[in-house]
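**Student:** I have a structure here, written as structure tokens, and I will follow up with some questions on it.
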Amino acid sequence: MIKFKVHSIYLLAALPLSSMVQNVSAKQPVRKPNIIFIYADDIGYGDLSCNGARTIKTPNVELLAKQGVRFTNMHSPAATCTPSRYALLTGEYAWRREGTGIATGDAGSIIRPERYTLADVFKSDGYQTGVVGKWHLGLGDQTGTQNWNGFITPGPSDIGFDYSFILAATGDRVPCVYVENQKVVNLDPNDPISVSYEKNFEGEPTGKSNPELLKMHPSHGHDMSIVNGISRIGFMKGGKSALWKDEEIADVITSKALSFIKTNRDQPFFLYLATHDAHVPRVPNQRFMGKSGMGPRGDAIIEFDWTVGEVLKTVKQLGIEKNTIIILTSDNGPVVDDGYKDHALELLGNHKPAGNLRGGKYSSFEGGTRVPGILSWPGTVKPGVSDKLICQVDMVATCSELLTVKLPSGAAPDSESQLNTWLNKGGIGREVLVLQNVNNSLSIEDGKWKFIAPGPGIPYDSSTNTELGNLNQDQLYDLTKDIGEMVNVAAQNPKIRERLRARLNQIKAGK
């Protein structure tokens, strides 16, 4: 793999250094901005009060939005977690690659060491790079062959991260352990970990066979190995001293993130902070329980807001606020019942997790990928609201332009620099954007029109109460008049429909 090391202290020729860094002597080298990328999990556009939620309050996210630019047309690359994370870090649409669907807990590394990544962009320019939180991109060389009791490779260090403290996969999948710098934390060598996604280990209880051991019951799936009174996907035995406590996950992740920030306060750093809130199983800390009035899901959103507040407070206390870009968004749209009986649906009340958007997680409709988006850089980025079409897949190219780092040939093929748009300096946003749902059905939109191509799968998932958008006919929506995608106007607009179909086919062909 070719990596580039760029030593220039200049950040961006298009922006004068005086406008990017405050109170710096002409004789002093310009300090490159820190980047903190906060990735929420399953939090929808309508879940945050800055986007109009009234039932729930997220004051720290509101503060971030007030001091930065709030995007109303920010998209995750996909309507599910693993493909969105893949596209974010590689700058390549996940639907182009086999094996980028929702990963099992024992998946091998989906982003291979030879791939140039977002972390490589920063590392090649002298940044300290770290990832803290949910990973869900696989570890080890091949599925099911990891040595959970030793050094697990490949891993984050092989794709540009100097430091990593991650959940091995995600909260509802085994193994339920933290992995720090590719070793399981607090593992007792006399109690080794075994993991299988094929069959259970003899004598190990499961949620299906031993429901009397559960404190939270599954609504669908999630009935295999039991950890902390919650049954998961997959089978696991051993590693008792290493198991996480669900109600402490947010505290642990936040603490590790703040530690990384404090350790690297005197040098430029990039932190990818991937929270677990509000993914299932939702077990917020006791101090947040009951705060939302909407059960564990609402409480987990308040817990997420607390994490954001801790980051903002720490950056300010360290005196690096004006030299730190904070980006906040989510990996996909919201889902209410995603496998556990946590009363999220019954207690939802008037709250609309996707706001006025149709669909949610897993869906081709806007609720699947149109997610919260905020960028704050006090003193440099003018606060405001932007309706420009943007996507997380563009992070690689955008950050490359910010740092004037040249991408290797072939890297980030679907990533477009949208630096002016992200910095609220008059950019026009994306011309077109291709998005995928859980069935890998594709849609394309241009800021006004959205075309959903016919695709496989059921139109409605009753287990998650989600309209997936899968139909055996063309769908076309005018998003400027029908943001809820309620009126299919494909038949009335054949030229627009065929133009978008042709452009989608061109992009699929790599043109």
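In the structure tokens, chains take the letters A, B, ... in the order shown, each chain's residues start at 1, and ligands count up from 1 in the order shown.
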Run DSSP on the backbone of this structure and report the residues of segment 260-425 of chain A it assigns to strand (DSSP E or B), as an NGL selection string.

**Tutor:** :A and (269-274 or 324-330 or 340 or 370 or 373-376 or 384-386 or 390-391)

**Student:** Using only C-alpha atoms, what does the table of segment 266-366 of chain A residues within 7 Å of segment 471-487 of chain A look like, with each row giving the shortest atom pair and its distance in Å to one decimal, sorted by chain and ascending number, as a Markdown table?

**Tutor:**
| residue | atom | partner | partner_atom | distance |
| --- | --- | --- | --- | --- |
| A:Asn356 | CA | A:Gly484 | CA | 6.1 |
| A:Leu357 | CA | A:Gly484 | CA | 4.9 |
| A:Arg358 | CA | A:Gly484 | CA | 5.2 |

**Student:** Keeping only C-alpha atoms, write the selected residues as an mmCIF file, in the first residue's frame.

**Tutor:**
data_model
loop_
_atom_site.group_PDB
_atom_site.id
_atom_site.type_symbol
_atom_site.label_atom_id
_atom_site.label_comp_id
_atom_site.auth_asym_id
_atom_site.auth_seq_id
_atom_site.Cartn_x
_atom_site.Cartn_y
_atom_site.Cartn_z
ATOM 1 C CA ASN A 356 -41.402 14.368 8.492
ATOM 2 C CA LEU A 357 -39.437 11.811 6.470
ATOM 3 C CA ARG A 358 -40.796 8.465 5.275
#

**Student:** Which residue, A:Ser241, A:Ser462, A:Ser76, A:Ser157, has the smallest gap to His220 of chain A when you use only C-alpha atoms?

**Tutor:**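 For His220 of chain A, the nearest of the given residues is A:Ser462.
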
**Student:** Using only C-alpha atoms, determine which residues lie at most 9 Å from segment 323-332 of chain A, disregarding the query and same-chain residues fewer than 2 positions distant; provide the list as a ChimeraX atom specification.

**Tutor:** /A:20-22,31-45,61,64,68,74-82,84-85,308,312,315,319-321,334,360-362,367-380,392

**Student:** Excluding Thr170 of chain A and residues on its chain fewer than 6 positions from it, collect all residues at most 9 Å away from it, counting only C-alpha atoms, and give them as a PyMOL selection string.

**Tutor:** chain A and resi 105+134-136+176+276+279-280

**Student:** Take the residues from that selection and put them in a file with N, CA and C atoms, as a PDB file, in the first residue's frame.

**Tutor:**
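After the write, selection.pdb holds the following:
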ATOM      1  N   GLY A 105     -20.519 -10.671  14.183  1.00  0.00           N
ATOM      2  CA  GLY A 105     -19.528 -10.308  15.188  1.00  0.00           C
ATOM      3  C   GLY A 105     -18.186 -10.959  14.985  1.00  0.00           C
ATOM      4  N   LYS A 134     -17.966   2.084  18.629  1.00  0.00           N
ATOM      5  CA  LYS A 134     -18.459   0.980  17.809  1.00  0.00           C
ATOM      6  C   LYS A 134     -17.642   0.848  16.529  1.00  0.00           C
ATOM      7  N   TRP A 135     -17.248  -0.364  16.203  1.00  0.00           N
ATOM      8  CA  TRP A 135     -16.451  -0.644  15.007  1.00  0.00           C
ATOM      9  C   TRP A 135     -17.326  -1.246  13.915  1.00  0.00           C
ATOM     10  N   HIS A 136     -17.731  -2.476  14.095  1.00  0.00           N
ATOM     11  CA  HIS A 136     -18.643  -3.197  13.195  1.00  0.00           C
ATOM     12  C   HIS A 136     -18.165  -3.239  11.752  1.00  0.00           C
ATOM     13  N   CYS A 176     -18.991  -9.789  23.441  1.00  0.00           N
ATOM     14  CA  CYS A 176     -19.349  -8.563  24.148  1.00  0.00           C
ATOM     15  C   CYS A 176     -18.172  -8.074  24.981  1.00  0.00           C
ATOM     16  N   HIS A 276     -22.408   4.259  20.740  1.00  0.00           N
ATOM     17  CA  HIS A 276     -23.318   3.129  20.584  1.00  0.00           C
ATOM     18  C   HIS A 276     -24.771   3.560  20.728  1.00  0.00           C
ATOM     19  N   HIS A 279     -28.374   2.488  19.576  1.00  0.00           N
ATOM     20  CA  HIS A 279     -28.507   1.134  19.041  1.00  0.00           C
ATOM     21  C   HIS A 279     -28.967   0.179  20.139  1.00  0.00           C
ATOM     22  N   VAL A 280     -29.634  -0.893  19.724  1.00  0.00           N
ATOM     23  CA  VAL A 280     -30.030  -1.926  20.685  1.00  0.00           C
ATOM     24  C   VAL A 280     -28.835  -2.805  21.051  1.00  0.00           C
TER      25      VAL A 280
END

**Student:** In terms of the shortest atom-to-atom distance over only C-alpha atoms, which of A:Leu89, A:Val489, A:Ala103, A:Ile56 is closest to Ala168 of chain A?

**Tutor:** A:Ala103

**Student:** Residues of segment 22-252 of chain A in helix (DSSP H, G or I) according to DSSP, as number ranges by chain?

**Tutor:** A: 45-47, 49-51, 59-66, 81-90, 94-96, 118-123, 156-159, 211-213, 240-242, 246-252

**Student:** Would you work out the distance separating atom CA of Gly207 of chain A from atom CA of Gly239 of chain A, expressed in Å to one decimal?

**Tutor:**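 For atom CA of Gly207 of chain A relative to atom CA of Gly239 of chain A, the distance reads 18.8 Å.
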
**Student:** Between A:Pro218, A:Gly140, A:Gly133, A:Gly234, which one has atoms that come closest to Lys256 of chain A, using only C-alpha atoms?

**Tutor:**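 So, comparing all the options, the nearest one is A:Gly133.
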
**Student:** Go through A:Phe304, A:Tyr197, A:Tyr340, A:Phe260 one by one, measure the shortest atom-to-atom distance of each to Ala107 of chain A using only C-alpha atoms, and give the residue with the smallest value.

**Tutor:** A:Tyr197

**Student:** Give me, as a list in words, all polymer residues having an atom no more than 6 Å from Val393 of chain A, counting only C-alpha atoms and skipping those fewer than 3 positions away in the same chain.

**Tutor:**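 The residues satisfying every condition are Ala87, Leu88, Gly91 and Ser415 of chain A.
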
**Student:** Find the distance between atom CA of Arg112 of chain A and atom CA of Ile159 of chain A and write it in Å to one decimal.

**Tutor:**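 Separation between atom CA of Arg112 of chain A and atom CA of Ile159 of chain A: 7.4 Å.
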
**Student:** So the first atom is atom CA of Gly101 of chain A and the second is atom CA of Pro83 of chain A; what is the distance between them in Å, to one decimal place?

**Tutor:**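 These atoms are spaced 5.9 Å apart.
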
**Student:** Name the residues in contact with Gly426 of chain A at a cut-off of 12 Å, using only C-alpha atoms, excluding same-chain residues fewer than 3 positions from it; report them as an MDAnalysis selection string.

**Tutor:** chainID A and resid 381:382 384:388 418:423 429

**Student:** Using C-alpha atoms, can you export the residues from the last selection as a PDB file, in the first residue's frame?

**Tutor:**
ATOM      1  CA  VAL A 381     -17.088  28.472  10.007  1.00  0.00           C
ATOM      2  CA  LYS A 382     -19.984  30.902   9.911  1.00  0.00           C
ATOM      3  CA  GLY A 384     -26.102  28.894   9.807  1.00  0.00           C
ATOM      4  CA  VAL A 385     -28.302  26.302   8.119  1.00  0.00           C
ATOM      5  CA  SER A 386     -27.519  24.632   4.805  1.00  0.00           C
ATOM      6  CA  ASP A 387     -29.904  22.661   2.594  1.00  0.00           C
ATOM      7  CA  LYS A 388     -27.158  21.560   0.189  1.00  0.00           C
ATOM      8  CA  GLN A 418     -17.276  19.369  -0.844  1.00  0.00           C
ATOM      9  CA  LEU A 419     -15.049  21.553   1.301  1.00  0.00           C
ATOM     10  CA  ASN A 420     -16.760  24.877   0.589  1.00  0.00           C
ATOM     11  CA  THR A 421     -20.154  23.332   1.271  1.00  0.00           C
ATOM     12  CA  TRP A 422     -19.038  21.680   4.507  1.00  0.00           C
ATOM     13  CA  LEU A 423     -17.419  24.925   5.684  1.00  0.00           C
ATOM     14  CA  GLY A 429     -23.245  20.490  -2.759  1.00  0.00           C
TER      15      GLY A 429
END

**Student:** Give me the residues within 7 Å of segment 181-194 of chain A as a ChimeraX atom specification, counting only C-alpha atoms and dropping any in the same chain fewer than 3 places off.

**Tutor:** /A:148-153,155,163-165,177-178,236-239,241-242

**Student:** Restrict the selected residues to C-alpha atoms and save them as a JSON list (two decimals), in the first residue's frame.

**Tutor:**
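Wrote out.json, looks like this:
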[["chain", "number", "residue", "atom", "x", "y", "z"],
["A", 148, "TRP", "CA", -9.73, -13.39, 20.51],
["A", 149, "ASN", "CA", -7.16, -14.34, 23.15],
["A", 150, "GLY", "CA", -4.16, -12.67, 21.51],
["A", 151, "PHE", "CA", -3.30, -9.84, 19.12],
["A", 152, "ILE", "CA", -6.09, -9.54, 16.55],
["A", 153, "THR", "CA", -4.88, -8.57, 13.12],
["A", 155, "GLY", "CA", -7.39, -4.29, 12.68],
["A", 163, "TYR", "CA", -4.97, 4.18, 18.72],
["A", 164, "SER", "CA", -8.15, 2.13, 18.97],
["A", 165, "PHE", "CA", -10.60, 1.29, 21.74],
["A", 177, "VAL", "CA", -15.87, -7.24, 24.93],
["A", 178, "TYR", "CA", -13.80, -4.12, 24.40],
["A", 236, "MET", "CA", -19.94, -17.08, 23.02],
["A", 237, "LYS", "CA", -18.35, -18.69, 26.03],
["A", 238, "GLY", "CA", -15.51, -17.67, 28.35],
["A", 239, "GLY", "CA", -13.97, -14.25, 28.82],
["A", 241, "SER", "CA", -13.69, -10.89, 33.28],
["A", 242, "ALA", "CA", -13.64, -9.06, 29.93]]

**Student:** Which one of A:Asn488, A:Pro459, A:Ile110, A:Ser441 sits closest to Trp95 of chain A if you count only C-alpha atoms?

**Tutor:**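 Closest residue, counting only C-alpha atoms: A:Ser441.
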